[in-house]
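Just below is one structure, and these are the notes that go with it.
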Amino acid sequence: MKNYIATISGAAAVAVLLAGCAGGPSRSEAEYRQMALDTIKRDFQTKGQAKYERLTADEVQQACNAHANNPPPELAAKLAGAQLATVKLPADGKYLGDWKEGEKIAQSGRGFTWSDKATDPAGGNCYNCHQVGPNESSFGTVGPSLLGYGKTRGNSPEMQKYTYSKIYNAKAFNLCSEMPRFGHAGALNETQIKHLVALLLDPASPVNK
Amino acid sequence: MNRSIVLATALTVAWSMPVAAQTKDANAEFEKFRAEMEESNPAELFELKGEELWKAKRGPKNISLAESCDLGQGVGKVEGAYVRAPRYFADADAVMDIERRIVWCMTEKQGFKFEDIAKKPFQGANDNNAPDITNLVTYVASGSKNMKFDMPLHDAKVRDAFETGKAMAAYRAGPYDFSCNTCHGADGKRIRMQNLPNLSTPEGALRGVLGWPGYRMTGGVMLTSQWRMNDCFRQQRFPEPKYASQAVTNLIAYMTGNANGQMYKGPGIKR
């Protein structure tokens with residue numbers, strides 16, 4: 001036991017020494033996170049609709065920031081559950097809108113930057129991150145391809161509800177997803193999300209041809 | 001004389017380039033075009049203006065930067081200064097990137113007002129001329145052409161700036177929950193057709209700092225790394241980082257540190 005401890009502290013001493021020589025980080029990751037936060041709070045200012053208050057992380061963002069996007073399972077489950085509870089499902093129980101309108105929303109990358117007018121409706125930004133329809137070759141790859149989404153996953157009521165909820169609040173299913181929470185953030189309304197669900201699930205949508 | 005004719009031609013070519021095309025070939029086409037352009041780089045025009053500004057007696061104190069400004073290599077010396085920054089400056093007690101340092105010299109040595117410089121620090125799409133500070137940064141950067149990035153990461157204060165920048169790049173907030181890493185945290189990602197460098201790798205970080213300051217063909221404007229950081233925070237749906245602030249230096253330190261040891265080619269051309 002003693003030996004074990006001696007070895008560990010020996011190794012730690014070597015590590016410190018090496019770090020010293022190589023000019024490694026002199027503080028813990030948590031300290032640097034705090035310094036980053038202090039710097040951000042000091043060095044940013046409101047511009048247009050991008051208000052200073054946006055810098056404050058909410059509880060989901062905080063959990064993801066504190067755990068490098070990999071929070072402990074119990075915490076993640078608890079917070080994801082709370083996010084699911086924020087999803088307002090359509091009162092009429094219908095999920096499918098018009099896929100043609102959905103395509104337009106998916107194309108638009110507008111919204112929420114300081115150069116966007118706050119009164120203009122935001123777009124979905126979907127093509128920024130996803131392949132969606134087959135006729136648009138300029139698509140991003142931050143998210144997975146959604147081409148053929150409804151064809152492979154089906155168009156059941158459960159899939160409709162899941163897809164609606166995923167767009168409304170992506171963090172309900174994957175707490176530290178890189179996908180925005182479009183409904184929760186007030187970027188897309190019920191009608192717009194229904195159009196997007198149709199784009200992804202309607203058998204008549206080019207996505208599923 | 002000849003040189004300015006070449007430059008004028010280069011600028012015309014740049015203007016007529018079909019940059020709006022967002023086809024799959026656009027990236028390859030652009031790379032080919034950039035290679036051709038680099039023979040007669042339009043950034044040179046801005047370097048020349050910057051050199052004049054560097055050597056001229058200016059400001060309320062009527063003194064030149066050449067005789068008063070120490071970029072870390074000795075007063076007036078520009079050679080190697082760009083690739084050896086961000087670095088710690090004892091007189092300012094701060095780690096600064098080159099643009100921030102030149103601003104500091106302009107206010108502290110020449111007597112310019114910070115507010116006047118910060119009012120419009122970047123060239124807009126409708127501006128005929130780049131701001132003085134952009135020309136100055138371009139001139140100083142040209143003094144590091146074909147030198148390796150050598151940010152003094154062994155200096156504890158620089159290391160702190162680097163590590164803080166790294167943590168800032170991971171900080172998620174705002175209406176879309178974005179951080180720099182949302183777009184720049186993994187290999188092979190794109191936003192639409194635009195390739196996104198993974199800033200945590202030596203190759204990606206190099207792409208992040210290479211070619212800045214750069215002549216941007218969209219709009220035909222000259223822009224610096226400070227501008228690039230500003231515009232990415234816009235896309236991130238964050239509020240605006242204050243001009244020449246520590247926050248921006250930290251991010252530049254993060255990228256430059258990861259790019260250390262690799263060759264800087266001087267002011268470049270950007271989409």
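Chain labels A, B, ... are given in the sequence in which chains occur in the structure tokens; within each chain residues are numbered consecutively from 1, and ligands are likewise numbered from 1 in the order shown.
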
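Close contacts of B:Lys109, defined as residues with an atom at most 12 Å away when counting only C-alpha atoms, with chain neighbours fewer than 6 positions off set aside, comprise Lys57, Arg58, Gly59, Pro60, Lys61, Asn62, Ile63, Ser64, Leu65, Ala66, Glu67, Ser68, Cys69, Asp70, Val75, Asp91, Ala92, Arg101, Ile102 and Val103 of chain B.
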
- prompt: Taking only C-alpha atoms into account, which residues of chain A are within 6 Å of chain B, as a PyMOL selection string?
  reply: chain A and resi 23+32-33+36+39+43-47+50-52+54-55+57+61+65+112-113+128-129+138-142+178+180+185

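Closest approach to A:Gly150 from the set A:Gly24, A:Gly102, A:Gly81, A:Pro203 is made by A:Pro203, with distances taken over only C-alpha atoms.
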
- request: Within 7 Å of B:Ala43, counting only C-alpha atoms, which residues show up once you throw out same-chain ones fewer than 2 positions away? Write them as a list in words, please.
  value: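 The neighbour list is Asn41, Leu45, Phe46, Glu47, Gly214, Tyr215, Pro267 and Gly268 of chain B.
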
query: What is the distance between atom CA of B:Ala259 and atom CA of A:Gln34, in Å to one decimal?
result: 24.8 Å

- request: From a DSSP pass on the backbone, collect the residues of stretch 45-195 of chain B flagged as strand (DSSP E or B) and hand them back as a ChimeraX atom specification.
  value: /B:58,63,70,75,87-89,94-96,147-148,173,178,189-191,194-195

message: When you look at A:Ala82 with a cut-off of 10 Å (counting only C-alpha atoms), what residues show up, excluding the ones that are within fewer than 6 positions of it in the same chain? I need them as a ChimeraX atom specification.
response: /A:60,76,171-172

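Comparing the minimum interatomic distances between A:Ile167 and each of A:Arg153, A:Lys88, A:Lys41, A:Lys100, counting only C-alpha atoms, we find that A:Lys88 sits nearest.
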
- prompt: Which residues come within 10 Å of A:Thr152, counting only C-alpha atoms, excluding same-chain residues fewer than 5 positions away, as a list in words?
  reply: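 My reading of the contact set: Leu147, Leu201 and Asn208 of chain A.
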
The selected residues should be written to file as a PDB file, in the first residue's frame (atoms: N, CA and C atoms).
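The new file part12.pdb reads:
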```pdb
ATOM      1  N   LEU A 147     -31.818  12.212 -45.796  1.00  0.00           N
ATOM      2  CA  LEU A 147     -32.378  11.752 -47.065  1.00  0.00           C
ATOM      3  C   LEU A 147     -32.959  10.345 -46.869  1.00  0.00           C
ATOM      4  N   LEU A 201     -41.341  13.172 -43.369  1.00  0.00           N
ATOM      5  CA  LEU A 201     -42.105  11.925 -43.259  1.00  0.00           C
ATOM      6  C   LEU A 201     -43.150  11.690 -44.347  1.00  0.00           C
ATOM      7  N   ASN A 208     -38.402  11.323 -49.466  1.00  0.00           N
ATOM      8  CA  ASN A 208     -38.721   9.888 -49.395  1.00  0.00           C
ATOM      9  C   ASN A 208     -38.957   9.247 -50.757  1.00  0.00           C
TER      10      ASN A 208
END
```

Length of the atom CA of B:Gln73 to atom CA of B:Asn258 vector [Å]: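 Result for atom CA of B:Gln73 versus atom CA of B:Asn258: 21.8 Å, one decimal.
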
- prompt: What is the atom CA of A:Gln83 to atom CA of A:Ser165 distance in Å?
  reply: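 Atom CA of A:Ser165 lies 10.1 Å from atom CA of A:Gln83.
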
field: Spatial neighbours of B:Ala81, max dist 8 Å, only C-alpha atoms, sep filter under 3 positions, as an MDAnalysis selection string
entry: chainID B and resid 71:73 77:78 84:85 98 140:141 143:144

- prompt: Using only C-alpha atoms, which residues sit within 12 Å of A:Thr163 once same-chain residues fewer than 4 positions away are excluded, as a ChimeraX atom specification?
  reply: /A:87,89,95-96,146,149-150,153-159,167-170,172-173,193-202

task: Would you list, as an NGL selection string, the residues of stretch 32-178 of chain A that end up in alpha helix (DSSP H) under DSSP run on this structure's backbone?
output: :A and (32-43 or 59-66 or 73-84 or 99-107 or 126-129 or 149-153 or 157-168)

Store the residues of this selection in a file with C-alpha atoms, as a tab-separated table (two decimals), in the first residue's frame.
```tsv
chain	number	residue	atom	x	y	z
A	32	TYR	CA	-9.81	27.51	-17.00
A	33	ARG	CA	-13.56	27.09	-17.52
A	34	GLN	CA	-14.12	29.72	-14.86
A	35	MET	CA	-11.52	32.04	-16.41
A	36	ALA	CA	-13.19	31.56	-19.80
A	37	LEU	CA	-16.55	32.47	-18.31
A	38	ASP	CA	-15.14	35.54	-16.55
A	39	THR	CA	-13.48	36.69	-19.76
A	40	ILE	CA	-16.67	36.20	-21.77
A	41	LYS	CA	-18.75	38.10	-19.22
A	42	ARG	CA	-16.29	40.99	-19.24
A	43	ASP	CA	-15.52	41.23	-22.95
A	59	GLU	CA	-29.11	24.37	-16.96
A	60	VAL	CA	-28.73	22.15	-20.02
A	61	GLN	CA	-25.91	24.25	-21.44
A	62	GLN	CA	-24.28	24.38	-18.01
A	63	ALA	CA	-24.35	20.59	-17.63
A	64	CYS	CA	-22.89	20.12	-21.12
A	65	ASN	CA	-20.23	22.78	-20.57
A	66	ALA	CA	-19.19	21.39	-17.20
A	73	PRO	CA	-26.07	9.43	-17.01
A	74	GLU	CA	-28.38	10.23	-14.07
A	75	LEU	CA	-27.96	13.98	-14.55
A	76	ALA	CA	-28.40	13.67	-18.31
A	77	ALA	CA	-31.56	11.59	-17.91
A	78	LYS	CA	-33.04	14.01	-15.40
A	79	LEU	CA	-32.37	17.08	-17.53
A	80	ALA	CA	-33.47	15.39	-20.78
A	81	GLY	CA	-36.73	14.45	-19.05
A	82	ALA	CA	-37.26	18.07	-18.10
A	83	GLN	CA	-36.58	19.10	-21.71
A	84	LEU	CA	-39.14	16.57	-22.98
A	99	TRP	CA	-43.70	19.45	-47.22
A	100	LYS	CA	-43.29	22.22	-49.83
A	101	GLU	CA	-43.44	24.83	-47.09
A	102	GLY	CA	-41.13	22.62	-45.04
A	103	GLU	CA	-38.51	22.70	-47.79
A	104	LYS	CA	-38.50	26.52	-47.75
A	105	ILE	CA	-38.08	26.60	-43.97
A	106	ALA	CA	-35.30	24.00	-44.15
A	107	GLN	CA	-33.46	26.13	-46.72
A	126	CYS	CA	-31.61	22.44	-41.56
A	127	TYR	CA	-29.49	22.36	-44.75
A	128	ASN	CA	-26.67	24.09	-42.89
A	129	CYS	CA	-26.15	20.85	-40.99
A	149	TYR	CA	-35.71	9.53	-43.44
A	150	GLY	CA	-39.42	8.61	-43.69
A	151	LYS	CA	-38.80	5.81	-46.14
A	152	THR	CA	-36.55	3.96	-43.74
A	153	ARG	CA	-38.19	4.96	-40.47
A	157	PRO	CA	-47.96	8.16	-35.34
A	158	GLU	CA	-45.01	7.45	-33.02
A	159	MET	CA	-42.50	8.54	-35.67
A	160	GLN	CA	-44.52	11.70	-36.32
A	161	LYS	CA	-44.60	12.51	-32.64
A	162	TYR	CA	-40.89	11.76	-32.22
A	163	THR	CA	-39.89	13.85	-35.24
A	164	TYR	CA	-42.04	16.77	-34.12
A	165	SER	CA	-40.59	16.57	-30.62
A	166	LYS	CA	-37.01	16.21	-31.87
A	167	ILE	CA	-37.29	19.40	-33.91
A	168	TYR	CA	-39.07	21.16	-31.06
```
